[in-house]
>>> print(open('coords-v7.cif').read())   # mmCIF, C-alpha atoms
data_query
loop_
_atom_site.group_PDB
_atom_site.id
_atom_site.type_symbol
_atom_site.label_atom_id
_atom_site.label_comp_id
_atom_site.auth_asym_id
_atom_site.auth_seq_id
_atom_site.Cartn_x
_atom_site.Cartn_y
_atom_site.Cartn_z
ATOM 1 C CA MET A 7 67.695 -101.536 297.378
ATOM 2 C CA THR A 8 65.651 -99.010 299.381
ATOM 3 C CA ASP A 9 68.717 -97.086 300.540
ATOM 4 C CA HIS A 10 70.055 -96.935 297.012
ATOM 5 C CA VAL A 11 66.743 -95.649 295.611
ATOM 6 C CA ASP A 12 66.384 -93.195 298.488
ATOM 7 C CA ALA A 13 69.884 -91.783 297.932
ATOM 8 C CA ASN A 14 69.310 -91.558 294.171
ATOM 9 C CA LEU A 15 65.998 -89.787 294.596
ATOM 10 C CA ARG A 16 67.379 -87.273 297.089
ATOM 11 C CA ALA A 17 70.289 -86.489 294.754
ATOM 12 C CA LEU A 18 67.871 -86.077 291.871
ATOM 13 C CA LEU A 19 65.640 -83.644 293.793
ATOM 14 C CA ALA A 20 68.722 -81.747 294.942
ATOM 15 C CA ASP A 21 69.815 -81.424 291.286
ATOM 16 C CA VAL A 22 66.438 -80.363 289.906
ATOM 17 C CA LEU A 23 65.305 -78.129 292.769
ATOM 18 C CA GLY A 24 68.762 -76.839 293.711
ATOM 19 C CA LEU A 25 68.125 -77.893 297.313
ATOM 20 C CA GLY A 26 71.750 -78.356 298.310
ATOM 21 C CA ASP A 27 72.941 -81.390 300.228
ATOM 22 C CA GLU A 28 71.622 -80.233 303.590
ATOM 23 C CA ARG A 29 68.036 -79.590 302.562
ATOM 24 C CA ALA A 30 68.002 -82.791 300.498
ATOM 25 C CA ALA A 31 69.273 -84.847 303.458
ATOM 26 C CA ALA A 32 66.665 -83.252 305.736
ATOM 27 C CA LEU A 33 63.714 -84.485 303.611
ATOM 28 C CA THR A 34 61.499 -86.892 305.575
ATOM 29 C CA SER A 35 58.675 -89.019 304.225
ATOM 30 C CA ASP A 36 56.233 -86.308 305.370
ATOM 31 C CA SER A 37 58.073 -83.451 303.651
ATOM 32 C CA GLY A 38 55.750 -81.715 301.194
ATOM 33 C CA LEU A 39 56.908 -81.322 297.565
ATOM 34 C CA PHE A 40 54.531 -79.935 294.920
ATOM 35 C CA GLY A 41 52.702 -76.919 296.340
ATOM 36 C CA GLU A 42 55.077 -76.806 299.296
ATOM 37 C CA LEU A 43 58.492 -76.160 297.711
ATOM 38 C CA PRO A 44 58.312 -72.983 295.596
ATOM 39 C CA GLU A 45 60.833 -74.431 293.102
ATOM 40 C CA PHE A 46 58.555 -77.387 292.346
ATOM 41 C CA ASP A 47 56.601 -76.140 289.305
ATOM 42 C CA SER A 48 55.188 -78.098 286.357
ATOM 43 C CA MET A 49 58.520 -77.956 284.485
ATOM 44 C CA ALA A 50 60.254 -79.379 287.577
ATOM 45 C CA VAL A 51 57.668 -82.184 287.763
ATOM 46 C CA ALA A 52 58.419 -83.046 284.132
ATOM 47 C CA THR A 53 62.179 -82.943 284.696
ATOM 48 C CA VAL A 54 61.931 -85.131 287.809
ATOM 49 C CA LEU A 55 59.915 -87.774 285.929
ATOM 50 C CA THR A 56 62.334 -87.991 282.996
ATOM 51 C CA GLU A 57 65.363 -88.068 285.314
ATOM 52 C CA MET A 58 63.740 -90.817 287.407
ATOM 53 C CA GLU A 59 63.383 -92.865 284.227
ATOM 54 C CA ASP A 60 67.029 -92.325 283.273
ATOM 55 C CA ARG A 61 68.629 -92.742 286.702
ATOM 56 C CA LEU A 62 66.449 -95.541 288.112
ATOM 57 C CA ASN A 63 66.139 -97.311 284.773
ATOM 58 C CA ILE A 64 62.330 -97.402 284.838
ATOM 59 C CA LEU A 65 59.600 -96.399 282.393
ATOM 60 C CA ILE A 66 56.895 -94.140 283.741
ATOM 61 C CA ASP A 67 53.534 -94.291 282.047
ATOM 62 C CA ASP A 68 51.496 -91.106 281.881
ATOM 63 C CA ASP A 69 48.563 -92.904 283.503
ATOM 64 C CA ASP A 70 50.653 -93.796 286.587
ATOM 65 C CA VAL A 71 51.196 -90.162 287.405
ATOM 66 C CA ASP A 72 48.662 -88.460 289.617
ATOM 67 C CA GLY A 73 48.957 -85.475 291.941
ATOM 68 C CA GLU A 74 49.374 -87.710 294.955
ATOM 69 C CA ILE A 75 52.867 -88.972 294.133
ATOM 70 C CA PHE A 76 54.241 -85.418 294.332
ATOM 71 C CA GLU A 77 52.467 -84.547 297.572
ATOM 72 C CA THR A 78 55.232 -85.782 299.858
ATOM 73 C CA TYR A 79 58.728 -87.171 299.583
ATOM 74 C CA GLY A 80 57.468 -90.451 301.090
ATOM 75 C CA ASN A 81 54.859 -90.825 298.329
ATOM 76 C CA LEU A 82 57.428 -90.184 295.603
ATOM 77 C CA LEU A 83 59.859 -92.712 297.099
ATOM 78 C CA GLU A 84 57.113 -95.307 297.416
ATOM 79 C CA PHE A 85 56.133 -94.699 293.770
ATOM 80 C CA ALA A 86 59.761 -95.119 292.632
ATOM 81 C CA GLU A 87 60.152 -98.370 294.556
ATOM 82 C CA ARG A 88 56.871 -99.714 293.164
ATOM 83 C CA LYS A 89 58.033 -98.950 289.584
ATOM 84 C CA ILE A 90 61.373 -100.667 290.179
ATOM 85 C CA ARG A 91 59.658 -103.805 291.500
ATOM 86 C CA GLY A 92 57.669 -103.702 288.238
ATOM 87 C CA MET B 4 69.323 -61.173 259.314
ATOM 88 C CA GLY B 5 72.381 -62.312 261.199
ATOM 89 C CA GLU B 6 72.473 -63.952 264.599
ATOM 90 C CA TYR B 7 74.416 -62.547 267.546
ATOM 91 C CA HIS B 8 77.475 -64.432 268.729
ATOM 92 C CA LEU B 9 79.077 -63.894 272.097
ATOM 93 C CA ARG B 10 82.849 -63.727 271.416
ATOM 94 C CA ILE B 11 85.356 -63.578 274.248
ATOM 95 C CA GLY B 12 89.099 -63.654 273.581
ATOM 96 C CA PRO B 13 91.802 -61.975 271.505
ATOM 97 C CA ASP B 14 90.693 -60.171 268.318
ATOM 98 C CA ALA B 15 93.787 -61.186 266.369
ATOM 99 C CA SER B 16 95.598 -64.490 265.897
ATOM 100 C CA PRO B 17 94.215 -66.625 268.730
ATOM 101 C CA HIS B 18 96.022 -69.932 269.431
ATOM 102 C CA ALA B 19 92.791 -71.701 268.648
ATOM 103 C CA THR B 20 89.035 -71.122 268.672
ATOM 104 C CA ILE B 21 86.527 -72.915 270.884
ATOM 105 C CA LEU B 22 82.994 -72.946 269.496
ATOM 106 C CA PHE B 23 80.547 -73.538 272.341
ATOM 107 C CA VAL B 24 77.277 -75.264 271.479
ATOM 108 C CA PRO B 25 74.780 -74.598 274.272
ATOM 109 C CA PRO B 26 72.110 -76.970 275.563
ATOM 110 C CA LEU B 27 68.698 -76.584 273.923
ATOM 111 C CA PHE B 28 65.632 -74.626 275.063
ATOM 112 C CA GLU B 29 65.350 -73.825 278.775
ATOM 113 C CA GLU B 30 68.481 -75.832 279.594
ATOM 114 C CA ALA B 31 70.498 -73.168 277.743
ATOM 115 C CA ASN B 32 69.359 -70.445 280.157
ATOM 116 C CA ARG B 33 70.179 -72.565 283.173
ATOM 117 C CA THR B 34 73.773 -73.129 282.037
ATOM 118 C CA ARG B 35 74.582 -69.866 280.275
ATOM 119 C CA ARG B 36 76.343 -68.117 283.164
ATOM 120 C CA THR B 37 78.559 -71.102 283.898
ATOM 121 C CA ILE B 38 79.418 -71.600 280.213
ATOM 122 C CA VAL B 39 80.355 -67.931 279.883
ATOM 123 C CA GLN B 40 82.533 -68.169 283.006
ATOM 124 C CA ALA B 41 84.359 -71.108 281.389
ATOM 125 C CA MET B 42 84.755 -69.034 278.191
ATOM 126 C CA ARG B 43 86.341 -66.152 280.141
ATOM 127 C CA LEU B 44 88.840 -68.523 281.722
ATOM 128 C CA LEU B 45 89.814 -69.994 278.338
ATOM 129 C CA ALA B 46 90.091 -66.501 276.858
ATOM 130 C CA GLU B 47 92.651 -65.635 279.560
ATOM 131 C CA HIS B 48 94.821 -68.366 277.992
ATOM 132 C CA GLY B 49 94.763 -66.641 274.606
ATOM 133 C CA LEU B 50 91.951 -68.724 273.132
ATOM 134 C CA LEU B 51 89.055 -67.216 271.199
ATOM 135 C CA THR B 52 85.708 -68.505 272.479
ATOM 136 C CA ILE B 53 82.403 -68.165 270.629
ATOM 137 C CA LEU B 54 78.887 -68.860 271.910
ATOM 138 C CA PRO B 55 76.436 -68.385 269.026
ATOM 139 C CA ASP B 56 72.709 -67.751 269.361
ATOM 140 C CA LEU B 57 71.030 -70.667 267.610
ATOM 141 C CA PRO B 58 68.336 -69.402 265.209
ATOM 142 C CA GLY B 59 65.109 -69.073 267.195
ATOM 143 C CA GLN B 60 66.888 -68.909 270.580
ATOM 144 C CA ASN B 61 67.988 -65.973 272.770
ATOM 145 C CA GLU B 62 68.153 -62.712 270.769
ATOM 146 C CA SER B 63 67.540 -64.388 267.415
ATOM 147 C CA PRO B 64 65.297 -62.542 264.937
ATOM 148 C CA THR B 65 64.101 -65.930 263.626
ATOM 149 C CA PRO B 66 60.873 -67.406 265.053
ATOM 150 C CA LEU B 67 61.590 -70.720 266.803
ATOM 151 C CA VAL B 68 58.744 -72.429 264.940
ATOM 152 C CA ASP B 69 60.626 -71.840 261.648
ATOM 153 C CA VAL B 70 63.702 -73.885 262.611
ATOM 154 C CA ASP B 71 64.580 -77.508 263.297
ATOM 155 C CA LEU B 72 67.669 -79.514 264.266
ATOM 156 C CA SER B 73 68.990 -79.646 260.668
ATOM 157 C CA CYS B 74 68.784 -75.890 260.516
ATOM 158 C CA TRP B 75 70.753 -75.559 263.780
ATOM 159 C CA GLN B 76 73.343 -78.010 262.508
ATOM 160 C CA GLN B 77 73.750 -75.897 259.376
ATOM 161 C CA ALA B 78 73.964 -72.671 261.387
ATOM 162 C CA LEU B 79 76.807 -74.123 263.480
ATOM 163 C CA ALA B 80 78.595 -75.351 260.357
ATOM 164 C CA ASP B 81 78.409 -71.766 259.019
ATOM 165 C CA VAL B 82 79.829 -70.307 262.241
ATOM 166 C CA ALA B 83 82.646 -72.868 262.153
ATOM 167 C CA ARG B 84 83.444 -71.972 258.535
ATOM 168 C CA GLY B 85 83.819 -68.332 259.552
ATOM 169 C CA THR B 86 86.618 -69.043 262.023
ATOM 170 C CA ASP B 87 90.374 -69.048 261.325
ATOM 171 C CA GLY B 88 92.920 -71.568 262.541
ATOM 172 C CA PRO B 89 92.401 -74.649 264.709
ATOM 173 C CA LEU B 90 88.866 -75.191 266.005
ATOM 174 C CA ILE B 91 87.470 -77.213 268.895
ATOM 175 C CA VAL B 92 83.705 -77.670 269.212
ATOM 176 C CA ALA B 93 82.534 -77.907 272.850
ATOM 177 C CA SER B 94 78.916 -79.056 273.203
ATOM 178 C CA PHE B 95 76.597 -79.460 276.154
ATOM 179 C CA ARG B 96 73.561 -81.745 276.528
ATOM 180 C CA GLY B 97 71.250 -81.343 273.499
ATOM 181 C CA GLY B 98 73.951 -79.266 271.789
ATOM 182 C CA CYS B 99 75.716 -82.591 271.157
ATOM 183 C CA LEU B 100 72.894 -83.523 268.746
ATOM 184 C CA ILE B 101 73.734 -80.711 266.311
ATOM 185 C CA ASP B 102 77.534 -80.318 266.479
ATOM 186 C CA HIS B 103 78.657 -82.868 263.856
ATOM 187 C CA GLY B 104 78.120 -80.685 260.759
ATOM 188 C CA ALA B 105 80.758 -78.188 261.873
ATOM 189 C CA LYS B 106 84.196 -78.799 260.372
ATOM 190 C CA ALA B 107 86.497 -78.925 263.406
ATOM 191 C CA ASP B 108 89.817 -80.356 264.570
ATOM 192 C CA ALA B 109 88.357 -81.890 267.743
ATOM 193 C CA TRP B 110 85.074 -82.245 269.621
ATOM 194 C CA TRP B 111 84.342 -82.158 273.361
ATOM 195 C CA ARG B 112 80.914 -83.153 274.726
ATOM 196 C CA LEU B 113 79.491 -82.842 278.231
ATOM 197 C CA ALA B 114 76.465 -84.821 279.427
ATOM 198 C CA SER B 115 75.233 -85.676 275.949
ATOM 199 C CA VAL B 116 71.514 -86.503 275.934
ATOM 200 C CA GLY B 117 69.179 -88.110 273.391
ATOM 201 C CA GLY B 118 66.562 -85.941 271.712
ATOM 202 C CA ALA B 119 63.778 -88.298 272.840
ATOM 203 C CA SER B 120 64.566 -87.620 276.485
ATOM 204 C CA LEU B 121 64.473 -83.833 275.959
ATOM 205 C CA LEU B 122 61.214 -84.125 274.046
ATOM 206 C CA ARG B 123 59.651 -86.304 276.743
ATOM 207 C CA THR B 124 60.371 -83.671 279.409
ATOM 208 C CA LEU B 125 58.908 -80.906 277.214
ATOM 209 C CA LEU B 126 55.767 -82.946 276.502
ATOM 210 C CA ARG B 127 55.402 -83.788 280.199
ATOM 211 C CA ALA B 128 55.699 -80.134 281.195
ATOM 212 C CA ARG B 129 52.842 -79.406 278.793
ATOM 213 C CA VAL B 130 50.722 -82.242 280.236
ATOM 214 C CA ALA B 131 51.433 -81.046 283.804
ATOM 215 C CA ALA B 132 50.587 -77.428 282.923
ATOM 216 C CA ASP B 133 47.402 -78.557 281.126
ATOM 217 C CA ARG B 134 46.371 -80.521 284.192
ATOM 218 C CA GLU B 135 46.839 -77.499 286.439
ATOM 219 C CA ALA B 136 44.611 -75.556 284.039
ATOM 220 C CA GLY B 137 41.987 -78.317 284.161
ATOM 221 C CA ILE B 138 42.627 -79.481 280.581
ATOM 222 C CA ALA B 139 42.967 -83.218 279.970
ATOM 223 C CA SER B 140 45.961 -84.002 277.747
ATOM 224 C CA SER B 141 48.351 -86.926 277.447
ATOM 225 C CA LEU B 142 51.783 -87.715 276.018
ATOM 226 C CA ASP B 143 50.226 -89.962 273.378
ATOM 227 C CA GLY B 144 47.629 -87.381 272.377
ATOM 228 C CA LEU B 145 50.248 -84.647 272.030
ATOM 229 C CA GLN B 146 52.568 -86.943 270.077
ATOM 230 C CA ASN B 147 49.790 -87.692 267.603
ATOM 231 C CA ARG B 148 49.075 -84.000 267.109
ATOM 232 C CA ALA B 149 52.808 -83.313 266.689
ATOM 233 C CA ALA B 150 52.764 -84.987 263.261
ATOM 234 C CA ASN B 151 50.568 -82.286 261.753
ATOM 235 C CA GLU B 152 50.725 -79.099 263.800
ATOM 236 C CA PRO B 153 53.211 -77.070 265.818
ATOM 237 C CA LEU B 154 53.019 -77.637 269.592
ATOM 238 C CA LEU B 155 53.618 -75.098 272.342
ATOM 239 C CA LEU B 156 55.778 -76.969 274.862
ATOM 240 C CA ALA B 157 56.996 -75.176 277.989
ATOM 241 C CA GLY B 158 56.924 -71.861 276.125
ATOM 242 C CA ASN B 159 58.587 -73.215 272.962
ATOM 243 C CA LEU B 160 56.511 -73.308 269.770
ATOM 244 C CA LEU B 161 57.991 -76.291 267.896
ATOM 245 C CA SER B 162 57.229 -77.316 264.294
ATOM 246 C CA PRO B 163 56.299 -80.871 263.269
ATOM 247 C CA ALA B 164 59.770 -81.175 261.653
ATOM 248 C CA MET B 165 61.517 -80.136 264.891
ATOM 249 C CA LEU B 166 59.357 -82.501 266.944
ATOM 250 C CA ALA B 167 60.016 -85.431 264.587
ATOM 251 C CA GLN B 168 63.778 -84.774 264.506
ATOM 252 C CA LEU B 169 63.969 -84.461 268.294
ATOM 253 C CA ALA B 170 62.136 -87.752 268.747
ATOM 254 C CA SER B 171 64.933 -89.672 267.020
ATOM 255 C CA ALA B 172 68.022 -87.467 267.394
ATOM 256 C CA GLN B 173 71.180 -89.075 268.782
ATOM 257 C CA ALA B 174 74.659 -87.616 269.082
ATOM 258 C CA GLN B 175 76.561 -88.569 265.927
ATOM 259 C CA PRO B 176 80.076 -90.057 265.832
ATOM 260 C CA VAL B 177 82.851 -87.496 265.313
ATOM 261 C CA GLU B 178 86.625 -87.724 265.703
ATOM 262 C CA PRO B 179 88.644 -86.988 267.756
ATOM 263 C CA LEU B 180 86.028 -86.809 270.513
ATOM 264 C CA ARG B 181 86.146 -86.570 274.305
ATOM 265 C CA SER B 182 82.637 -87.290 275.617
ATOM 266 C CA ILE B 183 82.234 -87.037 279.378
ATOM 267 C CA GLY B 184 79.638 -86.711 282.100
ATOM 268 C CA LEU B 185 79.675 -85.361 285.618
ATOM 269 C CA GLY B 186 81.741 -87.065 288.296
ATOM 270 C CA PRO B 187 85.229 -88.392 288.914
ATOM 271 C CA ASP B 188 85.824 -89.425 285.276
ATOM 272 C CA GLY B 189 84.431 -86.194 283.872
ATOM 273 C CA VAL B 190 83.728 -82.740 285.233
ATOM 274 C CA ALA B 191 83.119 -82.226 288.961
ATOM 275 C CA GLY B 192 79.844 -80.370 289.386
ATOM 276 C CA THR B 193 76.074 -80.655 289.401
ATOM 277 C CA SER B 194 73.518 -80.878 286.606
ATOM 278 C CA LEU B 195 72.824 -77.144 286.427
ATOM 279 C CA TRP B 196 70.823 -77.730 283.219
ATOM 280 C CA LEU B 197 68.103 -79.476 285.249
ATOM 281 C CA ARG B 198 67.655 -76.731 287.830
ATOM 282 C CA ALA B 199 64.172 -75.293 288.267
ATOM 283 C CA GLU B 200 65.797 -71.974 289.180
ATOM 284 C CA PRO B 201 68.992 -71.112 287.289
ATOM 285 C CA GLY B 202 72.157 -71.162 289.362
ATOM 286 C CA GLU B 203 75.858 -70.919 288.609
ATOM 287 C CA ASP B 204 78.925 -72.832 289.639
ATOM 288 C CA ARG B 205 82.345 -71.178 289.346
ATOM 289 C CA ALA B 206 84.247 -74.304 290.350
ATOM 290 C CA MET B 207 82.428 -76.249 287.651
ATOM 291 C CA ALA B 208 83.213 -73.523 285.089
ATOM 292 C CA ALA B 209 86.894 -73.843 286.011
ATOM 293 C CA ALA B 210 86.703 -77.640 285.682
ATOM 294 C CA ILE B 211 85.075 -77.297 282.241
ATOM 295 C CA ALA B 212 87.708 -74.819 281.047
ATOM 296 C CA HIS B 213 90.505 -77.018 282.384
ATOM 297 C CA ASP B 214 89.144 -80.161 280.732
ATOM 298 C CA ILE B 215 88.653 -78.490 277.335
ATOM 299 C CA ASP B 216 92.151 -77.000 277.521
ATOM 300 C CA ALA B 217 93.700 -80.375 278.454
ATOM 301 C CA TRP B 218 91.819 -82.123 275.634
ATOM 302 C CA GLY B 219 92.954 -79.500 273.120
ATOM 303 C CA ARG B 220 96.551 -79.981 274.265
ATOM 304 C CA SER B 221 96.384 -83.769 274.072
ATOM 305 C CA CYS B 222 95.105 -83.430 270.496
ATOM 306 C CA GLY B 223 98.001 -81.087 269.712
ATOM 307 C CA ILE B 224 95.608 -78.239 268.846
ATOM 308 C CA ILE B 225 96.309 -75.833 271.710
#
>>> encode(input="coords-v7.cif", output="structure tokens")
Amino acid sequence: MTDHVDANLRALLADVLGLGDERAAALTSDSGLFGELPEFDSMAVATVLTEMEDRLNILIDDDDVDGEIFETYGNLLEFAERKIRG
Amino acid sequence: MGEYHLRIGPDASPHATILFVPPLFEEANRTRRTIVQAMRLLAEHGLLTILPDLPGQNESPTPLVDVDLSCWQQALADVARGTDGPLIVASFRGGCLIDHGAKADAWWRLASVGGASLLRTLLRARVAADREAGIASSLDGLQNRAANEPLLLAGNLLSPAMLAQLASAQAQPVEPLRSIGLGPDGVAGTSLWLRAEPGEDRAMAAAIAHDIDAWGRSCGII
């Protein structure tokens, strides 16, 4: 499951942030997102959340979302996996 | 006051007309260049292509807060009525929610999306921006306010009627329809409409033009 979620999430970030395959593949769990990637503004945060819901088939509650999940790629992946486990 | 329409193609006796219905709000800006590239390619085949400004969008003289989805549906029906000969409606994303009032010979839809999903992203952008500004807001709180007052969401001032219609809008059945997504069974390309910074994709524009042309032919319209 992890590989599938990881691949989905990378593709999603590539789509929203226009990263291209190379930059998306180069993301590590320590890679910074919000505040680090100039493309990652509040509209991008909103788009990423809605796309995560659609593509990973999860529901994201407003209260689950704090600044931390967008700090690094690793945090975002961990958040996605936690939501999928329910 | 009239709305501008971008028209590309022959002035007289086109084989057929393709009415392009753009995505809604910011998604329209992110896809405009690629849609127009597809229009140019279709125009080279003798087709007339039209991309109308929806009231309240682009160069429209109408304030966005004065319109809603019904109004956009009506505006498209009016544009369709003003065309001659066979007509194909080609809609993208949220454009698929407002294309069924137009009288056409065939419909083509790419990456159709529900209004609720579009609204959720707009509300979330507002919550995220509020947070950055140190204001506490929530999806629920905004949704409650939406019943009685216009909301400014990601730069769009939307009326209670628009917000209510978006919340429940689904693409409506039309016939004949080809409804596709991205990928091997649809158009090869990426979801440009999601991009934080607008891009363009010439290969995708060519794939769009080719698919619309093939659909028109299989319906016996082109």
>>> resolve_selection(input="coords-v7.cif", expression="the PyMOL selection byres ((chain B and resi 204) around 10)", output="compact mmCIF listing (two decimals) with C-alpha atoms, in the frame of the given file")
# COMPACT_ATOMS: atom_id res chain seq x y z
CA THR B 34 73.77 -73.13 282.04
CA ARG B 36 76.34 -68.12 283.16
CA THR B 37 78.56 -71.10 283.90
CA ILE B 38 79.42 -71.60 280.21
CA GLN B 40 82.53 -68.17 283.01
CA GLY B 192 79.84 -80.37 289.39
CA THR B 193 76.07 -80.66 289.40
CA LEU B 195 72.82 -77.14 286.43
CA GLY B 202 72.16 -71.16 289.36
CA GLU B 203 75.86 -70.92 288.61
CA ARG B 205 82.34 -71.18 289.35
CA ALA B 206 84.25 -74.30 290.35
CA MET B 207 82.43 -76.25 287.65
CA ALA B 208 83.21 -73.52 285.09
CA ALA B 209 86.89 -73.84 286.01
CA ALA B 210 86.70 -77.64 285.68
>>> resolve_selection(input="coords-v7.cif", expression="the PyMOL selection byres ((chain A and resi 15-22) around 7)", output="PyMOL selection string")
(chain A and resi 11-14+23-27+30+50+54) or (chain B and resi 193-194+197-199)
>>> residues_near_point(input="coords-v7.cif", point="(81.9, -65.5, 264.5)", cutoff="9 Å", atoms="all atoms listed in the file", output="list of chain:residue names")
B:Tyr7, B:His8, B:Leu9, B:Arg10, B:Ile53, B:Leu54, B:Pro55, B:Val82, B:Ala83, B:Arg84, B:Gly85, B:Thr86
>>> resolve_selection(input="coords-v7.cif", expression="the PyMOL selection byres ((chain B and resi 121-128) around 6)", output="PyMOL selection string")
(chain A and resi 48-49+52-53+56) or (chain B and resi 118-120+129-131+156)
>>> atom_distance(input="coords-v7.cif", atom1="CA of Ile225 in chain B", atom2="CA of Ala19 in chain B")
6.2 Å
>>> atom_distance(input="coords-v7.cif", atom1="CA of Glu47 in chain B", atom2="CA of Asp214 in chain B")
15.0 Å
>>> residues_around(input="coords-v7.cif", residues="range 89-97 of chain B", least_positions_apart="6", cutoff="10 Å", atoms="only C-alpha atoms", output="count of residues only")
59
>>> residues_around(input="coords-v7.cif", residues="Glu77 in chain A", least_positions_apart="3", cutoff="7 Å", atoms="only C-alpha atoms", output="tab-separated table (two decimals) with C-alpha atoms, in the frame of the given file")
chain	number	residue	atom	x	y	z
A	38	GLY	CA	55.75	-81.72	301.19
A	39	LEU	CA	56.91	-81.32	297.56
A	40	PHE	CA	54.53	-79.94	294.92
A	73	GLY	CA	48.96	-85.48	291.94
A	74	GLU	CA	49.37	-87.71	294.96
A	81	ASN	CA	54.86	-90.82	298.33
>>> atom_distance(input="coords-v7.cif", atom1="CA of Ser35 in chain A", atom2="CA of Leu142 in chain B")
29.1 Å
>>> axis_aligned_box(input="coords-v7.cif", around="range 83-90 of chain B", padding_each_side="3 Å", output="AutoDock Vina command-line options")
--center_x 87.8 --center_y -71.8 --center_z 262.3 --size_x 16.3 --size_y 12.9 --size_z 13.5
>>> residues_around(input="coords-v7.cif", residues="Asp143 in chain B", least_positions_apart="5", cutoff="10 Å", atoms="only C-alpha atoms", output="list in words")
Asp68 of chain A; Leu126, Arg148 and Ala149 of chain B
>>> closest_residue(input="coords-v7.cif", among="B:Ser162, B:Pro58, B:Asp81, B:Gln175", to="Leu100 in chain B", atoms="all atoms listed in the file")
B:Gln175
>>> closest_residue(input="coords-v7.cif", among="A:Asn63, A:Asp69, A:Tyr79, A:Ala86", to="chain B", atoms="all atoms listed in the file")
A:Asp69
>>> closest_residue(input="coords-v7.cif", among="B:Ile101, B:Val70, B:Ala136, B:Ala80", to="chain A", atoms="all atoms listed in the file")
B:Ala136
>>> closest_residue(input="coords-v7.cif", among="B:Val39, B:Asn61, B:Arg134, B:Asn147", to="Asp72 in chain A", atoms="all atoms listed in the file")
B:Arg134
>>> closest_residue(input="coords-v7.cif", among="B:Thr65, B:Ser221, B:Ser140, B:Gln76", to="chain A", atoms="all atoms listed in the file")
B:Ser140
>>> closest_residue(input="coords-v7.cif", among="A:Leu65, A:Gly92, A:Phe85, A:Thr78", to="Asp36 in chain A", atoms="all atoms listed in the file")
A:Thr78
>>> decode(input="coords-v7.cif", residues="range 136-150 of chain B", atoms="N, CA and C atoms", output="short mmCIF file (atom, residue, chain, number, x, y, z; two decimals), in the first residue's frame")
data_model
loop_
_atom_site.label_atom_id
_atom_site.label_comp_id
_atom_site.auth_asym_id
_atom_site.auth_seq_id
_atom_site.Cartn_x
_atom_site.Cartn_y
_atom_site.Cartn_z
N ALA B 136 -3.18 34.79 7.70
CA ALA B 136 -3.41 36.16 8.18
C ALA B 136 -3.76 36.17 9.67
N GLY B 137 -3.73 35.01 10.31
CA GLY B 137 -4.02 34.94 11.74
C GLY B 137 -5.50 35.01 12.07
N ILE B 138 -6.36 34.75 11.07
CA ILE B 138 -7.81 34.75 11.32
C ILE B 138 -8.29 33.31 11.41
N ALA B 139 -9.06 32.99 12.44
CA ALA B 139 -9.57 31.63 12.58
C ALA B 139 -10.84 31.49 11.75
N SER B 140 -10.84 30.60 10.75
CA SER B 140 -12.08 30.31 10.02
C SER B 140 -12.10 28.82 9.73
N SER B 141 -13.26 28.31 9.37
CA SER B 141 -13.39 26.88 9.11
C SER B 141 -14.34 26.65 7.95
N LEU B 142 -14.27 25.47 7.34
CA LEU B 142 -15.16 25.13 6.24
C LEU B 142 -16.62 25.24 6.69
N ASP B 143 -16.92 24.69 7.86
CA ASP B 143 -18.29 24.71 8.36
C ASP B 143 -18.78 26.14 8.57
N GLY B 144 -17.93 26.95 9.21
CA GLY B 144 -18.31 28.34 9.47
C GLY B 144 -18.59 29.09 8.19
N LEU B 145 -17.73 28.91 7.19
CA LEU B 145 -17.91 29.60 5.91
C LEU B 145 -19.17 29.11 5.22
N GLN B 146 -19.41 27.77 5.29
CA GLN B 146 -20.60 27.23 4.64
C GLN B 146 -21.88 27.78 5.26
N ASN B 147 -21.86 27.97 6.56
CA ASN B 147 -23.04 28.56 7.21
C ASN B 147 -23.26 29.99 6.75
N ARG B 148 -22.18 30.76 6.66
CA ARG B 148 -22.32 32.15 6.21
C ARG B 148 -22.78 32.22 4.77
N ALA B 149 -22.40 31.20 3.96
CA ALA B 149 -22.69 31.21 2.53
C ALA B 149 -24.19 31.27 2.24
N ALA B 150 -25.02 30.85 3.20
CA ALA B 150 -26.47 30.85 2.96
C ALA B 150 -27.00 32.27 2.85
#
